[in-house]
Structure formats: structure tokens, C-alpha cells
file coords-v3.cif (mmCIF, C-alpha atoms and all ligand atoms)
data_work
#
loop_
_atom_site.group_PDB
_atom_site.id
_atom_site.type_symbol
_atom_site.label_atom_id
_atom_site.label_comp_id
_atom_site.auth_asym_id
_atom_site.auth_seq_id
_atom_site.Cartn_x
_atom_site.Cartn_y
_atom_site.Cartn_z
ATOM 1 C CA MET A 1 0.511 -11.115 -2.114
ATOM 2 C CA LYS A 2 -0.548 -9.464 -5.376
ATOM 3 C CA LEU A 3 -2.695 -6.410 -5.995
ATOM 4 C CA TYR A 4 -4.471 -6.021 -9.321
ATOM 5 C CA TYR A 5 -4.901 -2.387 -10.262
ATOM 6 C CA ALA A 6 -5.448 -0.019 -13.153
ATOM 7 C CA ASP A 7 -3.782 3.294 -13.800
ATOM 8 C CA ILE A 8 -4.717 6.139 -16.077
ATOM 9 C CA LEU A 9 -1.757 8.357 -16.807
ATOM 10 C CA PRO A 10 0.732 7.610 -19.568
ATOM 11 C CA GLN A 11 3.677 7.827 -17.210
ATOM 12 C CA SER A 12 4.260 5.240 -14.561
ATOM 13 C CA ARG A 13 3.169 5.887 -11.005
ATOM 14 C CA TYR A 14 3.582 3.564 -8.028
ATOM 15 C CA ASN A 15 6.996 2.528 -9.383
ATOM 16 C CA HIS A 16 5.395 0.201 -11.881
ATOM 17 C CA LYS A 17 7.134 0.423 -15.212
ATOM 18 C CA LYS A 18 4.419 -1.241 -17.248
ATOM 19 C CA VAL A 19 1.736 1.355 -16.559
ATOM 20 C CA HIS A 20 0.824 2.953 -19.890
ATOM 21 C CA LEU A 21 -2.877 3.328 -19.790
ATOM 22 C CA ILE A 22 -5.350 6.073 -20.603
ATOM 23 C CA LEU A 23 -8.914 5.208 -19.786
ATOM 24 C CA PRO A 24 -12.036 6.732 -21.300
ATOM 25 C CA PHE A 25 -13.055 9.820 -19.366
ATOM 26 C CA GLN A 26 -16.222 8.216 -18.040
ATOM 27 C CA GLN A 27 -14.216 5.615 -16.185
ATOM 28 C CA LEU A 28 -11.543 7.899 -14.965
ATOM 29 C CA LEU A 29 -13.057 9.326 -11.839
ATOM 30 C CA PHE A 30 -14.263 6.022 -10.570
ATOM 31 C CA ASN A 31 -10.932 4.465 -11.119
ATOM 32 C CA THR A 32 -8.001 5.682 -9.250
ATOM 33 C CA PHE A 33 -8.794 6.791 -5.754
ATOM 34 C CA LEU A 34 -9.824 3.340 -4.536
ATOM 35 C CA ILE A 35 -6.452 2.048 -5.628
ATOM 36 C CA ARG A 36 -4.766 4.977 -3.887
ATOM 37 C CA THR A 37 -6.467 4.054 -0.612
ATOM 38 C CA ALA A 38 -5.264 0.452 -0.867
ATOM 39 C CA LEU A 39 -1.737 1.651 -1.644
ATOM 40 C CA MET A 40 -1.704 4.129 1.212
ATOM 41 C CA THR A 41 -2.631 1.322 3.615
ATOM 42 C CA ILE A 42 0.087 -0.873 2.125
ATOM 43 C CA ARG A 43 2.642 1.948 2.558
ATOM 44 C CA ASN A 44 1.612 2.494 6.184
ATOM 45 C CA LEU A 45 1.870 -1.197 7.003
ATOM 46 C CA ASN A 46 5.205 -1.282 5.195
ATOM 47 C CA ILE A 47 4.388 -4.537 3.431
ATOM 48 C CA GLU A 48 5.600 -5.824 0.107
ATOM 49 C CA VAL A 49 3.200 -6.063 -2.753
ATOM 50 C CA GLU A 50 3.431 -7.106 -6.368
ATOM 51 C CA LEU A 51 1.370 -4.649 -8.398
ATOM 52 C CA ILE A 52 -0.307 -6.192 -11.418
ATOM 53 C CA HIS A 53 -1.558 -3.764 -13.975
ATOM 54 C CA VAL A 54 -4.918 -4.474 -15.594
ATOM 55 C CA ASN A 55 -5.353 -2.742 -18.916
ATOM 56 C CA PHE A 56 -8.987 -1.648 -19.164
ATOM 57 C CA SER A 57 -8.645 -0.415 -22.723
ATOM 58 C CA ARG A 58 -7.731 -3.935 -23.816
ATOM 59 C CA GLY A 59 -10.637 -5.328 -21.802
ATOM 60 C CA GLU A 60 -8.331 -7.192 -19.445
ATOM 61 C CA ASN A 61 -10.716 -6.639 -16.554
ATOM 62 C CA LYS A 62 -13.444 -8.497 -18.447
ATOM 63 C CA ASN A 63 -11.482 -11.494 -19.672
ATOM 64 C CA GLU A 64 -12.151 -14.977 -18.361
ATOM 65 C CA GLU A 65 -9.029 -15.123 -16.239
ATOM 66 C CA PHE A 66 -9.748 -11.805 -14.476
ATOM 67 C CA LEU A 67 -13.458 -12.535 -13.997
ATOM 68 C CA LYS A 68 -12.454 -15.613 -12.010
ATOM 69 C CA LEU A 69 -10.771 -13.225 -9.570
ATOM 70 C CA ASN A 70 -13.587 -10.686 -9.547
ATOM 71 C CA PRO A 71 -16.834 -11.462 -11.388
ATOM 72 C CA ALA A 72 -17.641 -7.731 -11.204
ATOM 73 C CA GLY A 73 -14.661 -7.050 -13.492
ATOM 74 C CA GLN A 74 -13.298 -4.349 -11.191
ATOM 75 C CA VAL A 75 -10.068 -3.462 -9.450
ATOM 76 C CA PRO A 76 -8.625 -3.447 -6.856
ATOM 77 C CA VAL A 77 -8.393 -7.187 -6.297
ATOM 78 C CA LEU A 78 -6.089 -8.635 -3.711
ATOM 79 C CA VAL A 79 -4.673 -12.125 -4.203
ATOM 80 C CA GLU A 80 -2.672 -13.793 -1.447
ATOM 81 C CA ASP A 81 0.091 -16.271 -2.222
ATOM 82 C CA ASP A 82 -2.070 -19.075 -0.794
ATOM 83 C CA GLY A 83 -4.849 -18.256 -3.286
ATOM 84 C CA PHE A 84 -7.135 -16.164 -1.032
ATOM 85 C CA ILE A 85 -8.893 -13.534 -3.148
ATOM 86 C CA LEU A 86 -10.516 -10.342 -1.884
ATOM 87 C CA THR A 87 -12.282 -7.526 -3.716
ATOM 88 C CA GLU A 88 -13.802 -4.194 -2.550
ATOM 89 C CA SER A 89 -11.246 -1.584 -1.558
ATOM 90 C CA ARG A 90 -12.523 -0.981 1.973
ATOM 91 C CA ALA A 91 -12.729 -4.710 2.742
ATOM 92 C CA ILE A 92 -9.185 -5.015 1.387
ATOM 93 C CA ILE A 93 -7.745 -2.297 3.634
ATOM 94 C CA ALA A 94 -9.462 -3.707 6.741
ATOM 95 C CA TYR A 95 -8.172 -7.198 5.891
ATOM 96 C CA LEU A 96 -4.651 -5.920 5.232
ATOM 97 C CA VAL A 97 -4.400 -4.381 8.695
ATOM 98 C CA ALA A 98 -6.075 -7.341 10.425
ATOM 99 C CA SER A 99 -3.864 -9.903 8.691
ATOM 100 C CA ARG A 100 -0.548 -8.037 8.923
ATOM 101 C CA ASP A 101 -0.662 -6.180 12.238
ATOM 102 C CA GLU A 102 -3.365 -7.213 14.660
ATOM 103 C CA ASN A 103 -2.224 -4.601 17.179
ATOM 104 C CA SER A 104 -2.371 -1.727 14.737
ATOM 105 C CA SER A 105 -4.353 1.356 15.696
ATOM 106 C CA LEU A 106 -5.250 1.730 11.995
ATOM 107 C CA TYR A 107 -8.058 -0.816 12.545
ATOM 108 C CA PRO A 108 -7.942 -2.114 16.125
ATOM 109 C CA LEU A 109 -9.131 -5.712 16.199
ATOM 110 C CA ASN A 110 -9.340 -5.883 19.966
ATOM 111 C CA ASP A 111 -11.635 -2.866 20.307
ATOM 112 C CA PRO A 112 -15.088 -3.634 18.821
ATOM 113 C CA ILE A 113 -16.424 -0.122 19.417
ATOM 114 C CA LYS A 114 -13.490 1.666 17.799
ATOM 115 C CA ARG A 115 -13.628 -0.782 14.921
ATOM 116 C CA ALA A 116 -17.377 -0.237 14.513
ATOM 117 C CA LEU A 117 -16.833 3.531 14.354
ATOM 118 C CA ILE A 118 -14.178 3.063 11.687
ATOM 119 C CA ASP A 119 -16.596 0.815 9.733
ATOM 120 C CA GLU A 120 -19.285 3.490 10.112
ATOM 121 C CA ARG A 121 -17.041 6.114 8.543
ATOM 122 C CA LEU A 122 -15.913 3.711 5.794
ATOM 123 C CA HIS A 123 -19.522 2.987 4.866
ATOM 124 C CA PHE A 124 -20.358 6.689 4.853
ATOM 125 C CA ASP A 125 -17.380 7.248 2.605
ATOM 126 C CA ALA A 126 -18.357 4.429 0.203
ATOM 127 C CA THR A 127 -22.036 5.247 -0.030
ATOM 128 C CA THR A 128 -22.178 9.025 0.386
ATOM 129 C CA VAL A 129 -18.867 10.883 0.008
ATOM 130 C CA PHE A 130 -17.980 8.989 -3.172
ATOM 131 C CA HIS A 131 -21.285 9.791 -4.908
ATOM 132 C CA SER A 132 -21.331 13.424 -3.811
ATOM 133 C CA HIS A 133 -18.405 14.314 -6.080
ATOM 134 C CA VAL A 134 -18.781 11.665 -8.781
ATOM 135 C CA GLN A 135 -22.331 12.872 -9.566
ATOM 136 C CA ILE A 136 -20.825 16.289 -10.345
ATOM 137 C CA LEU A 137 -17.517 15.414 -11.951
ATOM 138 C CA HIS A 138 -18.529 12.470 -14.052
ATOM 139 C CA PRO A 139 -21.143 14.240 -16.249
ATOM 140 C CA MET A 140 -19.122 17.457 -16.268
ATOM 141 C CA ILE A 141 -16.069 15.733 -17.731
ATOM 142 C CA ALA A 142 -17.920 13.254 -19.930
ATOM 143 C CA ASN A 143 -19.966 16.056 -21.554
ATOM 144 C CA SER A 144 -17.339 18.826 -21.269
ATOM 145 C CA ASP A 145 -20.087 20.861 -19.660
ATOM 146 C CA PRO A 146 -19.260 23.194 -16.741
ATOM 147 C CA LYS A 147 -22.910 23.647 -15.672
ATOM 148 C CA ILE A 148 -23.637 21.994 -12.326
ATOM 149 C CA PRO A 149 -27.236 21.730 -11.107
ATOM 150 C CA GLU A 150 -27.721 23.537 -7.789
ATOM 151 C CA GLU A 151 -29.150 20.440 -6.068
ATOM 152 C CA LYS A 152 -25.940 18.510 -6.789
ATOM 153 C CA LYS A 153 -23.852 21.310 -5.310
ATOM 154 C CA LYS A 154 -26.107 21.285 -2.262
ATOM 155 C CA ILE A 155 -25.544 17.543 -1.759
ATOM 156 C CA LEU A 156 -21.775 18.013 -1.867
ATOM 157 C CA ARG A 157 -21.888 21.034 0.482
ATOM 158 C CA ASN A 158 -23.943 18.959 2.891
ATOM 159 C CA VAL A 159 -21.465 16.051 2.760
ATOM 160 C CA LEU A 160 -18.598 18.444 3.493
ATOM 161 C CA SER A 161 -20.553 19.859 6.466
ATOM 162 C CA VAL A 162 -21.232 16.374 7.802
ATOM 163 C CA LEU A 163 -17.543 15.429 7.452
ATOM 164 C CA ASN A 164 -16.639 18.684 9.186
ATOM 165 C CA GLY A 165 -19.013 17.828 12.051
ATOM 166 C CA PHE A 166 -17.527 14.333 12.426
ATOM 167 C CA LEU A 167 -14.233 16.057 13.224
ATOM 168 C CA ASP A 168 -15.585 18.200 16.086
ATOM 169 C CA ASN A 169 -13.121 17.871 18.984
ATOM 170 C CA LYS A 170 -11.153 15.205 17.142
ATOM 171 C CA ASN A 171 -7.865 15.181 15.277
ATOM 172 C CA TRP A 172 -8.878 12.225 13.093
ATOM 173 C CA PHE A 173 -12.187 10.800 11.927
ATOM 174 C CA THR A 174 -12.577 8.346 14.778
ATOM 175 C CA GLY A 175 -10.400 9.828 17.486
ATOM 176 C CA GLU A 176 -6.862 10.752 18.311
ATOM 177 C CA SER A 177 -4.978 8.604 15.836
ATOM 178 C CA PRO A 178 -5.359 8.071 12.088
ATOM 179 C CA THR A 179 -7.160 4.956 10.856
ATOM 180 C CA ILE A 180 -8.066 3.402 7.530
ATOM 181 C CA ALA A 181 -11.216 5.572 7.611
ATOM 182 C CA ASP A 182 -8.974 8.637 7.305
ATOM 183 C CA PHE A 183 -7.117 7.037 4.381
ATOM 184 C CA SER A 184 -10.339 6.250 2.541
ATOM 185 C CA ILE A 185 -11.926 9.672 3.109
ATOM 186 C CA LEU A 186 -8.648 11.379 2.216
ATOM 187 C CA SER A 187 -8.590 9.791 -1.255
ATOM 188 C CA ASN A 188 -12.078 11.146 -1.919
ATOM 189 C CA LEU A 189 -11.262 14.567 -0.492
ATOM 190 C CA ILE A 190 -8.193 14.802 -2.717
ATOM 191 C CA VAL A 191 -10.469 14.399 -5.751
ATOM 192 C CA ILE A 192 -12.748 17.129 -4.381
ATOM 193 C CA LEU A 193 -9.830 19.513 -3.755
ATOM 194 C CA CYS A 194 -8.188 18.788 -7.096
ATOM 195 C CA ALA A 195 -11.468 19.658 -8.786
ATOM 196 C CA GLY A 196 -10.935 23.159 -7.393
ATOM 197 C CA ILE A 197 -13.432 23.052 -4.524
ATOM 198 C CA ARG A 198 -12.380 25.212 -1.567
ATOM 199 C CA ILE A 199 -12.772 23.778 1.920
ATOM 200 C CA GLU A 200 -11.413 26.644 4.061
ATOM 201 C CA SER A 201 -14.900 27.392 5.417
ATOM 202 C CA TYR A 202 -15.089 23.822 6.743
ATOM 203 C CA LYS A 203 -12.548 24.549 9.442
ATOM 204 C CA ASN A 204 -12.169 21.076 10.989
ATOM 205 C CA LEU A 205 -11.902 19.440 7.592
ATOM 206 C CA SER A 206 -9.352 21.954 6.427
ATOM 207 C CA VAL A 207 -7.156 21.460 9.504
ATOM 208 C CA TRP A 208 -7.551 17.670 9.214
ATOM 209 C CA PHE A 209 -6.425 17.819 5.583
ATOM 210 C CA SER A 210 -3.273 19.734 6.595
ATOM 211 C CA ARG A 211 -2.654 17.116 9.267
ATOM 212 C CA CYS A 212 -2.932 14.358 6.632
ATOM 213 C CA LYS A 213 0.058 15.832 4.812
ATOM 214 C CA GLY A 214 2.229 14.202 7.485
ATOM 215 C CA LEU A 215 0.885 10.710 6.746
ATOM 216 C CA THR A 216 3.034 8.112 5.024
ATOM 217 C CA GLY A 217 1.903 7.858 1.414
ATOM 218 C CA PHE A 218 0.190 11.273 1.336
ATOM 219 C CA GLU A 219 2.312 12.628 -1.522
ATOM 220 C CA GLU A 220 1.763 9.566 -3.680
ATOM 221 C CA ASN A 221 -1.965 9.767 -3.055
ATOM 222 C CA TYR A 222 -2.108 13.492 -3.810
ATOM 223 C CA LYS A 223 -0.074 13.061 -6.983
ATOM 224 C CA GLY A 224 -2.666 10.570 -8.210
ATOM 225 C CA GLY A 225 -5.448 13.048 -7.474
ATOM 226 C CA ARG A 226 -3.879 15.782 -9.551
ATOM 227 C CA MET A 227 -5.035 14.038 -12.707
ATOM 228 C CA VAL A 228 -8.484 15.489 -11.988
ATOM 229 C CA MET A 229 -6.987 18.971 -12.212
ATOM 230 C CA GLU A 230 -5.173 18.056 -15.433
ATOM 231 C CA LEU A 231 -8.326 16.655 -16.934
ATOM 232 C CA LEU A 232 -10.421 19.724 -16.188
ATOM 233 C CA LYS A 233 -7.722 21.876 -17.776
ATOM 234 C CA LYS A 234 -7.464 19.626 -20.805
ATOM 235 C CA LYS A 235 -11.207 19.922 -21.340
ATOM 236 C CA ASN A 236 -11.182 23.694 -20.752
ATOM 237 C CA LEU A 237 -13.414 23.277 -17.730
ATOM 238 C CA PRO A 238 -13.136 25.774 -14.863
ATOM 239 C CA PRO A 239 -12.373 24.695 -11.296
ATOM 240 C CA ILE A 240 -15.597 23.810 -9.504
ATOM 241 C CA SER A 241 -17.051 26.384 -7.194
ATOM 242 C CA LEU A 242 -19.767 25.430 -4.715
HETATM 243 N N1 LIG A 301 -16.815 -0.776 -4.709
HETATM 244 C C1 LIG A 301 -15.618 -1.137 -5.413
HETATM 245 C C2 LIG A 301 -15.553 -0.300 -6.655
HETATM 246 C C3 LIG A 301 -14.423 -0.724 -7.553
HETATM 247 C C4 LIG A 301 -14.324 0.122 -8.796
HETATM 248 O O1 LIG A 301 -15.226 0.927 -9.114
HETATM 249 N N2 LIG A 301 -13.227 -0.069 -9.502
HETATM 250 C C5 LIG A 301 -13.032 0.614 -10.754
HETATM 251 C C6 LIG A 301 -11.612 1.156 -10.762
HETATM 252 S S1 LIG A 301 -11.143 1.997 -9.260
HETATM 253 C C7 LIG A 301 -13.131 -0.380 -11.884
HETATM 254 O O2 LIG A 301 -12.538 -1.424 -11.823
HETATM 255 N N3 LIG A 301 -13.870 -0.008 -12.937
HETATM 256 C C8 LIG A 301 -13.977 -0.806 -14.129
HETATM 257 C C9 LIG A 301 -15.379 -1.247 -14.408
HETATM 258 O O3 LIG A 301 -16.264 -1.023 -13.560
HETATM 259 O O4 LIG A 301 -15.591 -1.807 -15.487
HETATM 260 C C10 LIG A 301 -14.395 -0.909 -4.507
HETATM 261 O O5 LIG A 301 -14.465 -0.069 -3.578
HETATM 262 O O6 LIG A 301 -13.374 -1.594 -4.673
#

call {"tool": "encode", "arguments": {"input": "coords-v3.cif", "output": "C-alpha cells"}}
result
Amino acid sequence: MKLYYADILPQSRYNHKKVHLILPFQQLLFNTFLIRTALMTIRNLNIEVELIHVNFSRGENKNEEFLKLNPAGQVPVLVEDDGFILTESRAIIAYLVASRDENSSLYPLNDPIKRALIDERLHFDATTVFHSHVQILHPMIANSDPKIPEEKKKILRNVLSVLNGFLDNKNWFTGESPTIADFSILSNLIVILCAGIRIESYKNLSVWFSRCKGLTGFEENYKGGRMVMELLKKKNLPPISL
């Protein structure tokens, strides 16, 4: 199995020696956390993967060979040894669990309701959590402008409240054990935290985040998120306050 990915820091992460890539700022925030979610799932399933670096700055994600794998020209792309190709990070993590450990509580195949709740959270993450921070960070970094319109802050505060509510009386987003929904939301939340946003007032979310520190692959994921902090500093932008 191979995983096509892109990285953005000059030094290698994920033990891949060939990673020497700095992407334009506009791409940066969209880039890494989807890969981190796929990797966290891979680490938790303890499966082997060959990481294949795609160099965006050389247009490798738009060349003919890559577009055969993903016509959208995006990573991550998963390629199985038998030629099966899969794109979309959340589809990839669900497939990884289903194909490698059908009894895993990370995405229980034999429990349609639990699985549906995990899918519900994954869709909320993809459609709502993702945009709530990208719509703030992307223009801020691209324009080196610290001003954030109040309505954008309100959207993000609301998303954090909703996430906090999802965790009422629960240790994890869909119950008493972590699932791929937690992995996916965690990668987004790491971006939010590394941008300087405080979540202490969202009690459930804050406690959940501390709990996540015990997950396999947490450190690697968090390390990837710190580039947001580095970027804000590099551009002389203050930490975001909501
Ligand atoms: N919905 C897709 C989004 C994939 C995506 O945005 N990938 C970024 C990097 S993480 C990318 O390849 N960007 C390059 C481009 O869009 O040209 C997913 O969840 O996998």
C-alpha cells in the first residue's frame, strides 16, 4: 500500500528523508492536517505504508501521472498493491480500518448505528469545522493581515460550542472509545489551538483534547500543527483571539 502526500517544512517529518518542500502560504493551511489524520489512523492500525512525497512546487500533483490517480490533483491518495486507488482523507481512514481490522472500534463495521454516528461527525468535520478556521487563517496569512471580521469569529465560536455540546456526557465524539471521527476532528482542533485560540471555556472540548494526548500518533500530529504557530510568528501576526 502506498500513500501519496505533501509536506511543507524543510526538515523531514514522518521519517521520510525526501521531504524538502515549502508550499505557498495560500496552500499551507489546506495541506497538512488531512495527511496527519490519515497517518494517525495508520499509526493506530499499526500497518506499514510507503509514503510517496508529491512536490507541489514542481507541479507534481498536476502532472499526467498523478492526475490518473486523482483527477482533482490533491493528496492524500491511497494506492493499494493490487491497484485500488482511493482519494478523500475521510474515505481513506474509514477504508483503512474496514480493510485492515474489521473488528476495530475505530470504525465498527458490524454496528450500523455507531458507524453512522461516526460518519455524521466526519461530515461535520469536513464541511463545517474545516471551514470555520480556514476562512480566518487563510486570508490572515495570505495577506499578512491580523484583522478578523467579527462574523467569522462568531462562526468559529459557534463551531467550538457545537463540538463542546457533542461531548456532553461522553469521553469521545461518539461514545466511550476513540474513533476515526476523533482523529479527524483532532487534526482540525490542533490547527485551531496552534493559531493561539484558547478553548478552556469549552470545558468538554478542553478535557477531550487532554485525553487525546494519550492517543497513538498524537505527538506526530501535534508537531505537524505547530507549523501554524511558526507561520504566524514568521509573518509577525499575533495569536488569534476570539
Ligand atoms: N477533501 C479532500 C481535500 C484534499 C486537499 O485539500 N488536499 C490538499 C493537501 S492536504 C491538496 O492536495 N491541495 C493541492 C491542490 O488543491 O492543488 C480530502 O479530505 O482529502

call {"tool": "resolve_selection", "arguments": {"input": "coords-v3.cif", "expression": "the PyMOL selection byres (((chain A and resi 90) around 10) and not hetatm)", "output": "ChimeraX atom specification"}}
result
/A:34,37-38,76,87-89,91-96,119,122-123,125-126,180-181,183-184

call {"tool": "closest_residue", "arguments": {"input": "coords-v3.cif", "among": "A:Leu106, A:Asp101, A:Thr127, A:Lys223", "to": "ligand LIG 301 (chain A)", "atoms": "all atoms listed in the file"}}
result
A:Thr127

call {"tool": "axis_aligned_box", "arguments": {"input": "coords-v3.cif", "around": "ligand LIG 301 (chain A)", "padding_each_side": "6 Å", "output": "lines of an AutoDock Vina configuration file"}}
result
center_x = -14.0
center_y = 0.1
center_z = -9.5
size_x = 17.7
size_y = 15.8
size_z = 23.9

call {"tool": "atom_distance", "arguments": {"input": "coords-v3.cif", "atom1": "atom CA of Phe173 of chain A", "atom2": "atom CA of Val49 of chain A"}}
result
27.1 Å

call {"tool": "resolve_selection", "arguments": {"input": "coords-v3.cif", "expression": "the PyMOL selection byres (((chain A and resi 153) around 12) and not hetatm)", "output": "PyMOL selection string"}}
result
chain A and resi 131-137+147-152+154-160+192+197+240-242

call {"tool": "residues_near_point", "arguments": {"input": "coords-v3.cif", "point": "(-3.0, -5.0, -7.1)", "cutoff": "10 Å", "atoms": "only C-alpha atoms", "output": "mmCIF file with C-alpha atoms, in the frame of the given file"}}
result
data_model
loop_
_atom_site.group_PDB
_atom_site.id
_atom_site.type_symbol
_atom_site.label_atom_id
_atom_site.label_comp_id
_atom_site.auth_asym_id
_atom_site.auth_seq_id
_atom_site.Cartn_x
_atom_site.Cartn_y
_atom_site.Cartn_z
ATOM 1 C CA MET A 1 0.511 -11.115 -2.114
ATOM 2 C CA LYS A 2 -0.548 -9.464 -5.376
ATOM 3 C CA LEU A 3 -2.695 -6.410 -5.995
ATOM 4 C CA TYR A 4 -4.471 -6.021 -9.321
ATOM 5 C CA TYR A 5 -4.901 -2.387 -10.262
ATOM 6 C CA ALA A 6 -5.448 -0.019 -13.153
ATOM 7 C CA ILE A 35 -6.452 2.048 -5.628
ATOM 8 C CA ALA A 38 -5.264 0.452 -0.867
ATOM 9 C CA LEU A 39 -1.737 1.651 -1.644
ATOM 10 C CA VAL A 49 3.200 -6.063 -2.753
ATOM 11 C CA GLU A 50 3.431 -7.106 -6.368
ATOM 12 C CA LEU A 51 1.370 -4.649 -8.398
ATOM 13 C CA ILE A 52 -0.307 -6.192 -11.418
ATOM 14 C CA HIS A 53 -1.558 -3.764 -13.975
ATOM 15 C CA VAL A 54 -4.918 -4.474 -15.594
ATOM 16 C CA VAL A 75 -10.068 -3.462 -9.450
ATOM 17 C CA PRO A 76 -8.625 -3.447 -6.856
ATOM 18 C CA VAL A 77 -8.393 -7.187 -6.297
ATOM 19 C CA LEU A 78 -6.089 -8.635 -3.711
ATOM 20 C CA VAL A 79 -4.673 -12.125 -4.203
#

call {"tool": "residues_around", "arguments": {"input": "coords-v3.cif", "residues": "Ile190 of chain A", "least_positions_apart": "6", "cutoff": "10 Å", "atoms": "only C-alpha atoms", "output": "PyMOL selection string"}}
result
chain A and resi 33+196-197+209+218+221-226+228

call {"tool": "atom_distance", "arguments": {"input": "coords-v3.cif", "atom1": "atom CA of Ser161 of chain A", "atom2": "atom CA of Glu200 of chain A"}}
result
11.6 Å

call {"tool": "atom_distance", "arguments": {"input": "coords-v3.cif", "atom1": "atom CA of Asn204 of chain A", "atom2": "atom CA of Asn171 of chain A"}}
result
8.5 Å

call {"tool": "decode", "arguments": {"input": "coords-v3.cif", "residues": "segment 76-108 of chain A", "atoms": "C-alpha atoms", "output": "short mmCIF file (atom, residue, chain, number, x, y, z; two decimals), in the first residue's frame"}}
result
data_model
loop_
_atom_site.label_atom_id
_atom_site.label_comp_id
_atom_site.auth_asym_id
_atom_site.auth_seq_id
_atom_site.Cartn_x
_atom_site.Cartn_y
_atom_site.Cartn_z
CA PRO A 76 -3.81 12.26 0.17
CA VAL A 77 -4.22 9.43 -2.32
CA LEU A 78 -4.07 5.84 -1.24
CA VAL A 79 -2.90 3.19 -3.70
CA GLU A 80 -3.11 -0.49 -2.80
CA ASP A 81 -0.63 -3.01 -4.16
CA ASP A 82 -3.40 -4.53 -6.30
CA GLY A 83 -4.02 -1.16 -7.97
CA PHE A 84 -7.06 0.01 -5.94
CA ILE A 85 -6.98 3.81 -5.67
CA LEU A 86 -8.81 5.92 -3.10
CA THR A 87 -8.89 9.67 -2.54
CA GLU A 88 -10.57 11.88 0.12
CA SER A 89 -8.97 11.68 3.55
CA ARG A 90 -12.08 10.65 5.47
CA ALA A 91 -12.98 7.93 2.95
CA ILE A 92 -9.37 6.73 3.21
CA ILE A 93 -9.41 6.43 7.01
CA ALA A 94 -12.75 4.58 7.00
CA TYR A 95 -11.46 2.21 4.31
CA LEU A 96 -8.19 1.63 6.16
CA VAL A 97 -9.99 0.46 9.29
CA ALA A 98 -12.57 -1.59 7.37
CA SER A 99 -9.95 -3.32 5.23
CA ARG A 100 -7.34 -3.94 7.94
CA ASP A 101 -9.31 -4.64 11.11
CA GLU A 102 -12.99 -5.34 10.69
CA ASN A 103 -13.44 -5.72 14.45
CA SER A 104 -11.87 -2.40 15.29
CA SER A 105 -13.81 0.01 17.48
CA LEU A 106 -12.24 2.86 15.47
CA TYR A 107 -14.97 2.33 12.84
CA PRO A 108 -17.15 -0.64 13.81
#
